[in-house]
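Take a look at the structure set out below.
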Amino acid sequence: DLTVVLRGNAVNYAVRQDCPPLTIGRTTIQHPARPNEDLARLQAKGAKVYVLAEDLAERGIAAQRCVPEAEPLSRADLLDLLEAHDQIWHW
């Protein structure tokens with residue numbers, strides 16, 4: 001069982017985005033990070049993905065701009081979510 005909570009600047013990973021190849025000088029990275037796809041794969045494997053609503057609002061991001069895999073969660077509800085888990089990893 002895995003639950004992911006995106007908070008702080010990490011809420012940006014939940015915003016719908018296109019990640020084209022990245023070119024720096026003469027070098028092109030054909031496979032840049034694709035956080036939207038990563039969140040979808042996590043959910044497909046049974047993980048729950050949340051994004052803190054207040055952190056979205058602080059950054060001027062409307063919840064409607066986020067991928068459907070990232071369910072908005074209020075800070076008030078975060079404590080209940082944390083209490084429902086045996087282990088918490090934070091970084």
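In the structure tokens, chains take the letters A, B, ... in the order shown, each chain's residues start at 1, and ligands count up from 1 in the order shown.
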
(request) Using backbone DSSP assignments, extract all strand (DSSP E or B) residues from segment 8-82 of chain A; output them as a VMD selection string. (result) chain A and resid 15 22 to 24 27 to 29 48 to 52 66 70 to 73

Selection file, all heavy atoms, as a compact mmCIF listing (two decimals), in the first residue's frame:
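Result saved to selection01.txt:
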```
# COMPACT_ATOMS: atom_id res chain seq x y z
N VAL A 15 0.32 19.23 -12.17
CA VAL A 15 -0.23 20.06 -13.24
C VAL A 15 -0.05 19.36 -14.58
O VAL A 15 1.02 18.82 -14.87
CB VAL A 15 0.46 21.45 -13.26
CG1 VAL A 15 -0.05 22.29 -14.42
CG2 VAL A 15 0.23 22.16 -11.93
N LEU A 22 14.40 17.69 -24.49
CA LEU A 22 15.15 18.81 -23.95
C LEU A 22 16.49 18.91 -24.66
O LEU A 22 17.23 17.93 -24.74
CB LEU A 22 15.37 18.60 -22.44
CG LEU A 22 16.26 19.60 -21.73
CD1 LEU A 22 15.63 20.99 -21.73
CD2 LEU A 22 16.51 19.13 -20.30
N THR A 23 16.80 20.09 -25.20
CA THR A 23 18.07 20.29 -25.88
C THR A 23 18.89 21.33 -25.13
O THR A 23 18.41 22.42 -24.85
CB THR A 23 17.84 20.76 -27.34
OG1 THR A 23 17.08 19.77 -28.02
CG2 THR A 23 19.16 20.97 -28.05
N ILE A 24 20.12 20.94 -24.81
CA ILE A 24 21.07 21.85 -24.17
C ILE A 24 22.32 21.83 -25.04
O ILE A 24 23.01 20.81 -25.13
CB ILE A 24 21.40 21.40 -22.74
CG1 ILE A 24 20.13 21.34 -21.89
CG2 ILE A 24 22.44 22.32 -22.12
CD1 ILE A 24 20.32 20.75 -20.51
N THR A 27 23.32 18.69 -27.28
CA THR A 27 22.86 17.44 -26.69
C THR A 27 21.34 17.50 -26.48
O THR A 27 20.82 18.48 -25.95
CB THR A 27 23.54 17.19 -25.33
OG1 THR A 27 24.96 17.19 -25.54
CG2 THR A 27 23.12 15.88 -24.73
N THR A 28 20.67 16.45 -26.91
CA THR A 28 19.22 16.36 -26.73
C THR A 28 18.88 15.16 -25.86
O THR A 28 19.39 14.06 -26.08
CB THR A 28 18.50 16.22 -28.09
OG1 THR A 28 18.80 17.39 -28.87
CG2 THR A 28 17.00 16.11 -27.93
N ILE A 29 18.04 15.39 -24.89
CA ILE A 29 17.53 14.31 -24.04
C ILE A 29 16.15 13.95 -24.58
O ILE A 29 15.22 14.75 -24.52
CB ILE A 29 17.44 14.76 -22.57
CG1 ILE A 29 18.82 15.15 -22.06
CG2 ILE A 29 16.83 13.65 -21.71
CD1 ILE A 29 18.80 15.82 -20.71
N LYS A 48 -2.53 5.67 -4.05
CA LYS A 48 -3.39 6.85 -4.03
C LYS A 48 -2.47 8.07 -4.11
O LYS A 48 -1.41 8.11 -3.49
CB LYS A 48 -4.22 6.89 -2.77
CG LYS A 48 -5.23 5.77 -2.72
CD LYS A 48 -6.08 5.85 -1.49
CE LYS A 48 -7.06 4.69 -1.51
NZ LYS A 48 -7.85 4.64 -0.29
N VAL A 49 -2.90 9.06 -4.90
CA VAL A 49 -2.09 10.27 -5.08
C VAL A 49 -2.95 11.48 -4.70
O VAL A 49 -4.06 11.64 -5.21
CB VAL A 49 -1.61 10.41 -6.54
CG1 VAL A 49 -0.79 11.68 -6.72
CG2 VAL A 49 -0.80 9.18 -6.97
N TYR A 50 -2.42 12.28 -3.79
CA TYR A 50 -3.11 13.49 -3.35
C TYR A 50 -2.21 14.70 -3.60
O TYR A 50 -0.99 14.59 -3.64
CB TYR A 50 -3.42 13.43 -1.86
CG TYR A 50 -4.38 12.33 -1.48
CD1 TYR A 50 -3.91 11.10 -1.05
CD2 TYR A 50 -5.76 12.53 -1.56
CE1 TYR A 50 -4.79 10.09 -0.70
CE2 TYR A 50 -6.64 11.51 -1.22
CZ TYR A 50 -6.15 10.29 -0.78
OH TYR A 50 -7.01 9.29 -0.44
N VAL A 51 -2.86 15.86 -3.72
CA VAL A 51 -2.14 17.13 -3.85
C VAL A 51 -2.79 18.09 -2.85
O VAL A 51 -4.01 18.17 -2.76
CB VAL A 51 -2.18 17.65 -5.30
CG1 VAL A 51 -3.58 17.87 -5.79
CG2 VAL A 51 -1.36 18.91 -5.45
N LEU A 52 -1.96 18.78 -2.05
CA LEU A 52 -2.52 19.67 -1.05
C LEU A 52 -3.14 20.89 -1.71
O LEU A 52 -2.47 21.65 -2.42
CB LEU A 52 -1.45 20.11 -0.05
CG LEU A 52 -1.10 19.09 1.02
CD1 LEU A 52 -0.14 19.67 2.04
CD2 LEU A 52 -2.32 18.54 1.72
N CYS A 66 -4.90 20.24 -12.77
CA CYS A 66 -4.15 19.06 -12.36
C CYS A 66 -4.67 17.80 -13.05
O CYS A 66 -5.83 17.74 -13.46
CB CYS A 66 -4.24 18.88 -10.85
SG CYS A 66 -3.43 20.20 -9.94
N ALA A 70 -4.34 13.04 -9.33
CA ALA A 70 -3.98 13.77 -8.11
C ALA A 70 -5.24 14.38 -7.50
O ALA A 70 -5.75 15.38 -7.96
CB ALA A 70 -2.96 14.86 -8.44
N GLU A 71 -5.70 13.75 -6.44
CA GLU A 71 -6.93 14.20 -5.77
C GLU A 71 -6.59 15.31 -4.78
O GLU A 71 -5.69 15.15 -3.94
CB GLU A 71 -7.56 13.02 -5.03
CG GLU A 71 -8.84 13.36 -4.32
CD GLU A 71 -9.42 12.15 -3.61
OE1 GLU A 71 -9.17 11.02 -4.03
OE2 GLU A 71 -10.13 12.37 -2.61
N PRO A 72 -7.29 16.44 -4.86
CA PRO A 72 -7.03 17.52 -3.90
C PRO A 72 -7.34 17.07 -2.47
O PRO A 72 -8.30 16.36 -2.22
CB PRO A 72 -7.99 18.63 -4.33
CG PRO A 72 -8.32 18.33 -5.75
CD PRO A 72 -8.28 16.84 -5.86
N LEU A 73 -6.49 17.50 -1.55
CA LEU A 73 -6.62 17.17 -0.13
C LEU A 73 -6.34 18.43 0.66
O LEU A 73 -5.36 19.12 0.40
CB LEU A 73 -5.60 16.08 0.24
CG LEU A 73 -5.55 15.63 1.68
CD1 LEU A 73 -6.76 14.76 2.02
CD2 LEU A 73 -4.26 14.86 1.95
```

(message) Can you tell me which residues surround Leu82 of chain A at a distance of at most 12 Å, considering only C-alpha atoms, apart from same-chain residues fewer than 3 positions away, and format the answer as a ChimeraX atom specification?
(response) /A:2-5,50,73,75-79,85-90

(request) Give the alpha helix (DSSP H) residues of segment 28-90 of chain A, as DSSP finds them on the backbone, and put them as a PyMOL selection string. (result) chain A and resi 35-44+53-58+75-83

(message) Taking only C-alpha atoms into account, name the residue in A:Arg16, A:Arg7, A:Arg26, A:Arg34 that is nearest to Glu69 of chain A.
(response)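 Of A:Arg16, A:Arg7, A:Arg26, A:Arg34, the one nearest Glu69 of chain A, counting only C-alpha atoms, is A:Arg16.
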
(message) Show me, as a list in words, the residues that have an atom within 10 Å of Asn9 of chain A when counting only C-alpha atoms, minus same-chain residues fewer than 2 positions from it.
(response) Leu6, Arg7, Val11, Asn12, Tyr13, Asp55, Leu56, Glu58 and Arg59 of chain A

Written file, previous selection with all heavy atoms, as a short mmCIF file (atom, residue, chain, number, x, y, z; two decimals), in the first residue's frame:
```cif
data_model
loop_
_atom_site.label_atom_id
_atom_site.label_comp_id
_atom_site.auth_asym_id
_atom_site.auth_seq_id
_atom_site.Cartn_x
_atom_site.Cartn_y
_atom_site.Cartn_z
N LEU A 6 1.56 15.18 -2.62
CA LEU A 6 2.39 16.24 -3.20
C LEU A 6 2.08 17.53 -2.45
O LEU A 6 0.92 17.93 -2.36
CB LEU A 6 2.08 16.40 -4.69
CG LEU A 6 2.33 15.16 -5.55
CD1 LEU A 6 1.83 15.40 -6.97
CD2 LEU A 6 3.79 14.79 -5.55
N ARG A 7 3.12 18.15 -1.91
CA ARG A 7 2.93 19.38 -1.14
C ARG A 7 4.07 20.33 -1.45
O ARG A 7 5.05 19.95 -2.07
CB ARG A 7 2.85 19.07 0.35
CG ARG A 7 4.04 18.33 0.89
CD ARG A 7 3.90 17.96 2.36
NE ARG A 7 3.94 19.11 3.23
CZ ARG A 7 5.05 19.65 3.72
NH1 ARG A 7 6.23 19.14 3.39
NH2 ARG A 7 5.00 20.69 4.51
N VAL A 11 3.69 20.27 -5.73
CA VAL A 11 2.34 20.27 -6.34
C VAL A 11 2.42 20.53 -7.84
O VAL A 11 1.51 20.17 -8.59
CB VAL A 11 1.38 21.28 -5.66
CG1 VAL A 11 1.20 20.95 -4.19
CG2 VAL A 11 1.85 22.72 -5.84
N ASN A 12 3.51 21.14 -8.30
CA ASN A 12 3.67 21.40 -9.73
C ASN A 12 3.71 20.11 -10.55
O ASN A 12 3.38 20.11 -11.73
CB ASN A 12 4.92 22.23 -9.99
CG ASN A 12 4.73 23.66 -9.56
OD1 ASN A 12 3.97 24.39 -10.16
ND2 ASN A 12 5.41 24.05 -8.49
N TYR A 13 4.11 18.98 -9.94
CA TYR A 13 4.13 17.71 -10.65
C TYR A 13 2.74 17.26 -11.04
O TYR A 13 2.57 16.47 -11.96
CB TYR A 13 4.80 16.62 -9.80
CG TYR A 13 6.26 16.82 -9.57
CD1 TYR A 13 6.78 16.85 -8.29
CD2 TYR A 13 7.14 16.99 -10.64
CE1 TYR A 13 8.13 17.03 -8.07
CE2 TYR A 13 8.49 17.17 -10.43
CZ TYR A 13 8.97 17.19 -9.15
OH TYR A 13 10.32 17.38 -8.94
N ASP A 55 -1.64 24.35 -0.96
CA ASP A 55 -0.36 24.60 -1.63
C ASP A 55 -0.58 24.95 -3.11
O ASP A 55 0.16 25.76 -3.67
CB ASP A 55 0.57 23.40 -1.48
CG ASP A 55 1.07 23.26 -0.04
OD1 ASP A 55 0.73 24.12 0.81
OD2 ASP A 55 1.79 22.29 0.24
N LEU A 56 -1.59 24.33 -3.71
CA LEU A 56 -1.96 24.72 -5.08
C LEU A 56 -2.39 26.19 -5.10
O LEU A 56 -1.91 26.98 -5.92
CB LEU A 56 -3.11 23.86 -5.61
CG LEU A 56 -2.81 22.43 -6.02
CD1 LEU A 56 -4.10 21.70 -6.34
CD2 LEU A 56 -1.86 22.38 -7.20
N GLU A 58 -1.76 28.61 -3.00
CA GLU A 58 -0.66 29.53 -2.71
C GLU A 58 0.19 29.81 -3.95
O GLU A 58 0.82 30.86 -4.05
CB GLU A 58 0.24 28.96 -1.61
CG GLU A 58 -0.38 29.01 -0.24
CD GLU A 58 0.45 28.30 0.81
OE1 GLU A 58 1.58 27.84 0.51
OE2 GLU A 58 -0.03 28.20 1.95
N ARG A 59 0.18 28.89 -4.90
CA ARG A 59 0.96 29.04 -6.12
C ARG A 59 0.10 29.49 -7.30
O ARG A 59 0.56 29.54 -8.43
CB ARG A 59 1.69 27.73 -6.43
CG ARG A 59 2.83 27.52 -5.47
CD ARG A 59 3.19 26.07 -5.29
NE ARG A 59 4.27 25.95 -4.31
CZ ARG A 59 4.08 26.01 -2.98
NH1 ARG A 59 2.87 26.17 -2.49
NH2 ARG A 59 5.10 25.92 -2.16
#
```

(message) Let me make sure I understand: among A:Gly25, A:Ala57, A:Pro68, A:Leu39, which one has the smallest atom-to-atom distance to Gly8 of chain A if we use only C-alpha atoms?
(response) A:Ala57
